[in-house]
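To be precise, the following lines are start_35.txt, and they hold compact mmCIF, C-alpha atoms.
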```
# COMPACT_ATOMS: atom_id res chain seq x y z
CA MET A 1 0.00 0.00 0.00
CA GLU A 2 1.14 3.52 -0.79
CA GLN A 3 2.90 5.14 2.18
CA ARG A 4 1.24 8.55 2.00
CA LEU A 5 1.35 8.97 5.77
CA ALA A 6 4.93 7.82 6.36
CA GLY A 7 6.54 9.86 9.13
CA LYS A 8 3.23 11.28 10.41
CA VAL A 9 1.99 10.88 13.98
CA ILE A 10 -1.77 10.72 14.49
CA ILE A 11 -4.08 10.36 17.48
CA VAL A 12 -7.41 8.61 16.79
CA THR A 13 -10.25 8.53 19.33
CA GLY A 14 -12.89 5.82 19.48
CA ALA A 15 -10.40 3.38 17.97
CA GLU A 16 -11.52 0.20 19.73
CA SER A 17 -13.97 -0.79 16.99
CA GLY A 18 -15.94 0.33 13.94
CA ILE A 19 -14.91 3.45 12.07
CA GLY A 20 -12.13 4.36 14.52
CA ARG A 21 -10.53 0.94 14.16
CA ALA A 22 -10.75 1.10 10.38
CA ILE A 23 -9.12 4.55 10.37
CA THR A 24 -6.34 3.34 12.64
CA LEU A 25 -5.63 0.28 10.50
CA ARG A 26 -5.64 2.24 7.25
CA CYS A 27 -3.41 5.03 8.55
CA ALA A 28 -0.98 2.52 10.06
CA ALA A 29 -0.89 0.63 6.76
CA GLU A 30 0.01 3.91 5.04
CA GLY A 31 2.96 4.43 7.37
CA ALA A 32 1.66 6.55 10.25
CA LYS A 33 2.44 6.12 13.92
CA ILE A 34 -0.77 6.23 15.91
CA THR A 35 -2.10 6.60 19.42
CA ALA A 36 -5.37 4.66 19.39
CA THR A 37 -7.63 5.82 22.21
CA GLY A 38 -11.00 4.67 23.51
CA LEU A 39 -12.82 3.31 26.54
CA VAL A 40 -12.47 -0.44 25.92
CA GLU A 41 -8.93 -1.63 26.63
CA ASP A 42 -9.37 -5.07 25.06
CA GLY A 43 -10.74 -3.48 21.90
CA LEU A 44 -7.82 -1.08 21.67
CA LYS A 45 -5.33 -3.91 22.12
CA GLU A 46 -7.11 -5.85 19.36
CA THR A 47 -6.87 -2.83 17.07
CA ALA A 48 -3.13 -2.59 17.71
CA LYS A 49 -2.76 -6.34 17.10
CA LEU A 50 -4.68 -6.16 13.83
CA ALA A 51 -2.45 -3.30 12.70
CA GLY A 52 0.45 -5.74 12.96
CA SER A 53 2.71 -2.88 13.86
CA LYS A 54 4.50 -1.66 16.95
CA SER A 55 3.71 1.88 15.82
CA VAL A 56 0.16 1.76 17.29
CA LEU A 57 -0.05 2.76 20.95
CA PRO A 58 -3.34 1.70 22.60
CA LEU A 59 -4.35 4.11 25.35
CA VAL A 60 -7.56 4.07 27.38
CA THR A 61 -8.97 7.61 27.32
CA ASP A 62 -12.36 9.13 28.06
CA VAL A 63 -12.79 12.10 25.71
CA ARG A 64 -15.25 13.68 28.15
CA ASP A 65 -12.42 14.14 30.65
CA TYR A 66 -10.20 17.15 30.00
CA ASN A 67 -7.27 15.75 31.99
CA GLN A 68 -7.35 12.38 30.22
CA VAL A 69 -7.44 14.02 26.79
CA GLU A 70 -4.52 16.29 27.60
CA ALA A 71 -2.57 13.33 28.98
CA ALA A 72 -3.20 11.29 25.81
CA VAL A 73 -1.88 14.06 23.58
CA LYS A 74 1.18 14.57 25.79
CA ARG A 75 1.84 10.81 25.81
CA THR A 76 1.65 10.77 22.02
CA VAL A 77 4.28 13.49 21.69
CA SER A 78 6.44 11.82 24.33
CA GLU A 79 6.19 8.43 22.64
CA PHE A 80 6.61 9.49 19.01
CA GLY A 81 8.33 12.89 19.23
CA GLN A 82 5.69 15.00 17.48
CA LEU A 83 2.05 15.26 16.43
CA ASP A 84 0.81 15.80 12.90
CA ALA A 85 -2.92 15.08 13.03
CA ALA A 86 -5.87 14.20 15.24
CA VAL A 87 -9.02 12.31 14.33
CA ALA A 88 -11.86 13.01 16.77
CA ASN A 89 -14.02 9.98 16.04
CA ALA A 90 -15.33 8.84 19.45
CA GLY A 91 -19.09 9.04 19.62
CA GLY A 92 -22.39 7.28 20.07
CA SER A 93 -25.96 7.76 21.21
CA TRP A 94 -27.11 7.18 24.78
CA ALA A 95 -30.50 8.88 24.53
CA PRO A 96 -33.34 6.45 23.73
CA ARG A 97 -35.43 7.47 20.74
CA ALA A 98 -38.53 9.16 22.09
CA PRO A 99 -40.69 12.24 21.49
CA LEU A 100 -39.29 15.46 22.90
CA ILE A 101 -41.66 15.50 25.88
CA ASP A 102 -40.38 12.06 26.91
CA SER A 103 -36.70 12.72 26.27
CA ASP A 104 -34.07 11.41 28.67
CA ILE A 105 -31.88 14.21 30.06
CA GLU A 106 -29.05 11.95 31.21
CA GLY A 107 -28.85 10.36 27.76
CA TRP A 108 -28.83 13.85 26.25
CA ARG A 109 -25.94 14.94 28.48
CA ARG A 110 -23.76 11.91 27.81
CA THR A 111 -24.35 12.11 24.07
CA ILE A 112 -23.50 15.82 23.92
CA ASP A 113 -20.53 15.41 26.27
CA THR A 114 -19.04 12.61 24.17
CA ASN A 115 -19.93 13.60 20.62
CA LEU A 116 -19.47 17.36 20.83
CA THR A 117 -17.51 18.32 23.94
CA GLY A 118 -15.23 15.31 23.41
CA VAL A 119 -14.44 16.52 19.90
CA PHE A 120 -13.78 20.04 21.19
CA LEU A 121 -11.43 18.82 23.94
CA THR A 122 -9.55 16.47 21.61
CA LEU A 123 -9.01 19.02 18.87
CA ARG A 124 -8.16 21.82 21.29
CA ALA A 125 -5.43 19.72 22.89
CA ALA A 126 -4.10 18.66 19.50
CA ALA A 127 -4.24 22.18 18.04
CA ARG A 128 -2.19 23.55 20.90
CA VAL A 129 0.63 21.18 19.96
CA LEU A 130 0.29 21.79 16.22
CA VAL A 131 0.37 25.58 16.65
CA ALA A 132 3.40 25.36 18.95
CA GLN A 133 5.26 23.12 16.49
CA GLY A 134 4.63 25.62 13.70
CA GLN A 135 4.58 23.01 10.93
CA GLY A 136 0.88 22.94 10.13
CA GLY A 137 -1.11 19.74 10.43
CA SER A 138 -4.58 18.30 10.09
CA LEU A 139 -7.65 17.90 12.29
CA LEU A 140 -10.59 15.71 11.37
CA ALA A 141 -13.85 14.78 13.08
CA THR A 142 -16.57 12.26 12.38
CA GLY A 143 -19.88 13.97 11.69
CA SER A 144 -23.12 12.36 10.54
CA SER A 145 -25.57 12.45 7.66
CA THR A 146 -28.31 12.85 10.31
CA ALA A 147 -26.99 16.35 10.99
CA ILE A 148 -27.94 17.19 7.39
CA ARG A 149 -31.00 15.00 6.93
CA PRO A 150 -32.66 14.40 10.32
CA MET A 151 -34.20 11.17 11.56
CA PRO A 152 -37.12 10.95 14.02
CA TYR A 153 -36.48 11.21 17.75
CA MET A 154 -32.67 11.37 17.62
CA TYR A 155 -32.46 14.85 19.14
CA ALA A 156 -29.28 14.47 21.17
CA TYR A 157 -27.33 12.66 18.47
CA MET A 158 -28.36 15.05 15.70
CA ALA A 159 -27.72 18.13 17.84
CA SER A 160 -24.27 16.87 18.80
CA LYS A 161 -23.27 16.04 15.22
CA GLY A 162 -24.71 19.30 13.90
CA GLY A 163 -22.56 21.04 16.47
CA VAL A 164 -19.53 19.13 15.22
CA HIS A 165 -20.16 20.25 11.64
CA GLN A 166 -20.36 23.90 12.67
CA LEU A 167 -17.41 23.65 15.06
CA MET A 168 -15.22 22.25 12.30
CA ARG A 169 -16.21 25.03 9.90
CA ALA A 170 -15.23 27.62 12.50
CA LEU A 171 -11.94 25.87 13.27
CA ALA A 172 -11.08 25.68 9.57
CA VAL A 173 -11.18 29.47 9.39
CA ASP A 174 -9.48 30.14 12.72
CA LEU A 175 -6.61 27.70 12.17
CA ALA A 176 -5.97 28.44 8.50
CA PRO A 177 -3.24 31.01 9.30
CA HIS A 178 -1.36 28.17 11.02
CA ARG A 179 -1.77 25.94 7.94
CA ILE A 180 -3.81 23.49 9.99
CA ARG A 181 -6.46 21.88 7.80
CA VAL A 182 -9.81 21.00 9.37
CA ASN A 183 -12.26 18.59 7.73
CA THR A 184 -15.25 16.43 8.62
CA ILE A 185 -16.06 12.93 7.41
CA VAL A 186 -19.84 12.49 7.11
CA PRO A 187 -20.92 8.84 7.10
CA GLY A 188 -24.33 7.54 6.21
CA GLY A 189 -25.50 4.22 7.63
CA THR A 190 -22.24 2.38 8.27
CA ALA A 191 -21.56 -1.28 8.93
CA THR A 192 -20.42 -0.82 12.54
CA PRO A 193 -21.28 -3.19 15.41
CA PRO A 194 -24.23 -1.08 16.71
CA VAL A 195 -25.78 -0.91 13.24
CA LEU A 196 -25.19 -4.57 12.41
CA ALA A 197 -26.82 -5.51 15.72
CA GLN A 198 -30.10 -4.01 14.48
CA THR A 199 -31.80 -6.88 12.64
CA ASP A 200 -34.36 -4.53 11.06
CA TYR A 201 -31.92 -1.77 10.07
CA ALA A 202 -32.20 -2.38 6.32
CA GLU A 203 -36.00 -2.55 6.42
CA ARG A 204 -36.26 0.70 8.37
CA ASN A 205 -33.54 2.72 6.67
CA PHE A 206 -32.87 1.54 3.11
CA PRO A 207 -35.98 3.33 1.77
CA THR A 208 -34.18 6.61 2.62
CA ILE A 209 -30.84 5.55 1.07
CA PRO A 210 -30.71 5.74 -2.75
CA MET A 211 -27.96 3.10 -3.11
CA LYS A 212 -29.70 0.73 -0.64
CA GLU A 213 -26.36 -0.22 0.89
CA LEU A 214 -24.38 0.30 4.07
CA VAL A 215 -21.12 2.20 3.92
CA GLN A 216 -18.14 0.08 4.95
CA PRO A 217 -15.82 1.53 7.62
CA GLU A 218 -12.83 0.81 5.38
CA GLU A 219 -14.25 3.14 2.72
CA LEU A 220 -14.49 5.96 5.24
CA ALA A 221 -10.96 5.20 6.41
CA ALA A 222 -9.66 5.60 2.86
CA PHE A 223 -11.15 9.11 2.69
CA VAL A 224 -9.64 9.97 6.06
CA ALA A 225 -6.18 8.81 5.01
CA PHE A 226 -6.43 11.00 1.92
CA ALA A 227 -7.58 14.00 3.96
CA LEU A 228 -4.66 13.60 6.38
CA SER A 229 -2.08 13.16 3.63
CA ASN A 230 -0.08 15.84 1.83
CA GLU A 231 -2.14 15.28 -1.33
CA ALA A 232 -4.81 17.77 -0.27
CA PRO A 233 -2.86 20.77 1.06
CA HIS A 234 -5.71 23.24 0.55
CA MET A 235 -8.71 21.09 1.44
CA THR A 236 -10.13 22.57 4.61
CA GLY A 237 -13.59 23.28 5.99
CA THR A 238 -14.95 20.40 3.90
CA LEU A 239 -17.75 17.95 4.66
CA LEU A 240 -16.59 14.68 3.09
CA LYS A 241 -19.92 12.93 2.58
CA VAL A 242 -19.76 9.15 2.17
CA ASP A 243 -23.42 8.27 2.66
CA ALA A 244 -24.67 6.18 -0.30
CA GLY A 245 -26.68 9.21 -1.39
CA ARG A 246 -28.69 9.65 1.80
CA THR A 247 -28.24 13.43 2.08
CA SER A 248 -28.90 13.97 -1.64
CA VAL A 249 -32.56 12.97 -1.45
```
Using the file provided, produce a representation of the structure as structure tokens.
Amino acid sequence: MEQRLAGKVIIVTGAESGIGRAITLRCAAEGAKITATGLVEDGLKETAKLAGSKSVLPLVTDVRDYNQVEAAVKRTVSEFGQLDAAVANAGGSWAPRAPLIDSDIEGWRRTIDTNLTGVFLTLRAAARVLVAQGQGGSLLATGSSTAIRPMPYMYAYMASKGGVHQLMRALAVDLAPHRIRVNTIVPGGTATPPVLAQTDYAERNFPTIPMKELVQPEELAAFVAFALSNEAPHMTGTLLKVDAGRTSV
């Protein structure tokens, strides 16, 4: 495989499974050294094992915790000598689908804290290093097609991902003078463990997806590797939609 990321050091959150694991494996295959963070230690170790490389450092980190995020970034620089990019991918939904009047406040808080505040904390910590190094770099977050085309009763998830989209647009402008590129990958329905666990997912969702197919995590990872490489030096503030046409309807 082409070594477009050779010599680069990347931190990836939510790397214990799904999209985060696929991103870690693809970037490692293209030559990057990676700190793979997440909440599930066994999953992170499996990701590092699958990478077949000693250049993947698994590190348990809760992106909702400022101190843990800062420590993960510092450990990355200590371990690998620099930082070139951060992928804020950790996310999920902890608010049961329900009408607004029956919404769960604790689920709302955890979803917002993980999906939006976690992205903010991760990219802030990474940006501080990138600005100090003075060599530019790249920041990327995982958004969602639901932030563009809503689904019923997913208020917390859609609000958090919509916030991510707007945050990344603002960061793209603010960090441009430092030559730090900021982009967002926007998946549609993706073949991750939570989605595959839903036996009726295709029946419920394929009518809204023109291609009638799930996106594979590896396809998203390929777009991420491109976005982090030196092949797109002026691509910033972009929503990279890989959604089988869902947001085009």
| request: Using only C-alpha atoms, find all polymer residues with an atom at most 10 Å away from the point (-5.6, -3.1, 19.2); report them as a list in words. | output: Ala15, Glu16, Ser17, Arg21, Thr24, Leu25, Ala36, Thr37, Val40, Glu41, Asp42, Gly43, Leu44, Lys45, Glu46, Thr47, Ala48, Lys49, Leu50, Ala51, Gly52, Ser53, Val56, Leu57, Pro58 and Leu59 of chain A
| Point (4.8, 11.6, 19.6) neighbourhood (12 Å, only C-alpha atoms) written as a ChimeraX atom specification | /A:7-11,32-35,55-57,72-86,126,129-130,133
Closest atom pairs, segment 141-210 of chain A residues within 10 Å of segment 233-238 of chain A, only C-alpha atoms, as a Markdown table:
```
| residue | atom | partner | partner_atom | distance |
| --- | --- | --- | --- | --- |
| A:His165 | CA | A:Gly237 | CA | 9.2 |
| A:Gln166 | CA | A:Gly237 | CA | 9.5 |
| A:Leu167 | CA | A:Gly237 | CA | 9.8 |
| A:Met168 | CA | A:Gly237 | CA | 6.6 |
| A:Arg169 | CA | A:Gly237 | CA | 5.0 |
| A:Ala170 | CA | A:Gly237 | CA | 8.0 |
| A:Leu171 | CA | A:Gly237 | CA | 7.9 |
| A:Ala172 | CA | A:Gly237 | CA | 5.0 |
| A:Val173 | CA | A:Gly237 | CA | 7.5 |
| A:Leu175 | CA | A:Thr236 | CA | 9.8 |
| A:Ala176 | CA | A:Thr236 | CA | 8.2 |
| A:Arg179 | CA | A:Pro233 | CA | 8.7 |
| A:Ile180 | CA | A:Thr236 | CA | 8.4 |
| A:Arg181 | CA | A:Thr236 | CA | 4.9 |
| A:Val182 | CA | A:Thr236 | CA | 5.0 |
| A:Asn183 | CA | A:Thr238 | CA | 5.0 |
| A:Thr184 | CA | A:Thr238 | CA | 6.2 |
| A:Ile185 | CA | A:Thr238 | CA | 8.3 |
| A:Val186 | CA | A:Thr238 | CA | 9.8 |
```
| query | Quick one: residues within 10 Å of Arg4 of chain A, all atoms listed in the file counted, chain neighbours fewer than 6 positions away excluded, as a list in words? | reply |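 The neighbour list is Cys27, Ala29, Glu30, Gly31, Ala32, Ala225, Phe226, Leu228, Ser229, Asn230 and Glu231 of chain A.
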| For Val87 of chain A, which residue out of A:Val63, A:Ala191, A:Leu139, A:Ala232 is the nearest one, using all atoms listed in the file? | A:Leu139
| request: Determine the nearest neighbour of Met158 of chain A from the options A:Ala90, A:Leu116, A:Val242, A:Ala6, counting all atoms listed in the file. | output: A:Leu116
| field | Residues within 7 Å of Asn89 of chain A, only C-alpha atoms, excluding chain neighbours under 6 positions, as a list in words | value | Val12, Thr13, Gly14, Gly20, Ala141 and Thr142 of chain A
C-alpha atoms of the current selection, written as an mmCIF file, keeping the file's coordinate frame:
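Final file, again_13.cif:
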```cif
data_model
loop_
_atom_site.group_PDB
_atom_site.id
_atom_site.type_symbol
_atom_site.label_atom_id
_atom_site.label_comp_id
_atom_site.auth_asym_id
_atom_site.auth_seq_id
_atom_site.Cartn_x
_atom_site.Cartn_y
_atom_site.Cartn_z
ATOM 1 C CA VAL A 12 -7.410 8.610 16.790
ATOM 2 C CA THR A 13 -10.250 8.530 19.330
ATOM 3 C CA GLY A 14 -12.890 5.820 19.480
ATOM 4 C CA GLY A 20 -12.130 4.360 14.520
ATOM 5 C CA ALA A 141 -13.850 14.780 13.080
ATOM 6 C CA THR A 142 -16.570 12.260 12.380
#
```
Would you tabulate, counting all atoms listed in the file, all residues of segment 162-190 of chain A that have an atom at most 10 Å from an atom of segment 215-218 of chain A, showing the closest pair of atoms and their distance in Å to one decimal, sorted by chain then ascending number, as JSON lines?
```
{"residue": "A:Pro187", "atom": "CA", "partner": "A:Val215", "partner_atom": "CA", "distance": 7.4}
{"residue": "A:Gly188", "atom": "CA", "partner": "A:Val215", "partner_atom": "CA", "distance": 6.6}
{"residue": "A:Gly189", "atom": "CA", "partner": "A:Val215", "partner_atom": "CA", "distance": 6.1}
{"residue": "A:Thr190", "atom": "CA", "partner": "A:Val215", "partner_atom": "CA", "distance": 4.5}
```
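In this structure, atom CA of Asn115 of chain A sits 7.7 Å away from atom CA of Val164 of chain A.
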| What does the distance from atom CA of Glu203 of chain A to atom CA of Asp243 of chain A come to in Å, to one decimal? |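 So the two atoms, atom CA of Glu203 of chain A and atom CA of Asp243 of chain A, lie 17.0 Å apart.
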| field | Interatomic distance, atom CA of Glu219 of chain A to atom CA of Gly18 of chain A (Å, one decimal) | value |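 These atoms are spaced 11.7 Å apart.
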| request: Select, from A:Thr208, A:Ala88, A:Thr122, A:Glu106, the residue with the minimum atom-to-atom distance to Thr146 of chain A, counting only C-alpha atoms. | output: A:Thr208
Set up a box along x, y and z of the file covering all listed atoms of segment 203-211 of chain A, add 4 Å on every one of the six sides, and write the centre and edge lengths in Å to one decimal, as JSON.
```
{"center_x": -32.1, "center_y": 2.0, "center_z": 2.6, "size_x": 16.3, "size_y": 17.2, "size_z": 19.5}
```
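Of the residues listed (A:Arg149, A:His178, A:Lys212, A:Lys161), A:Lys161 shows the shortest atom-to-atom separation from Gly91 of chain A; distances use all atoms listed in the file.
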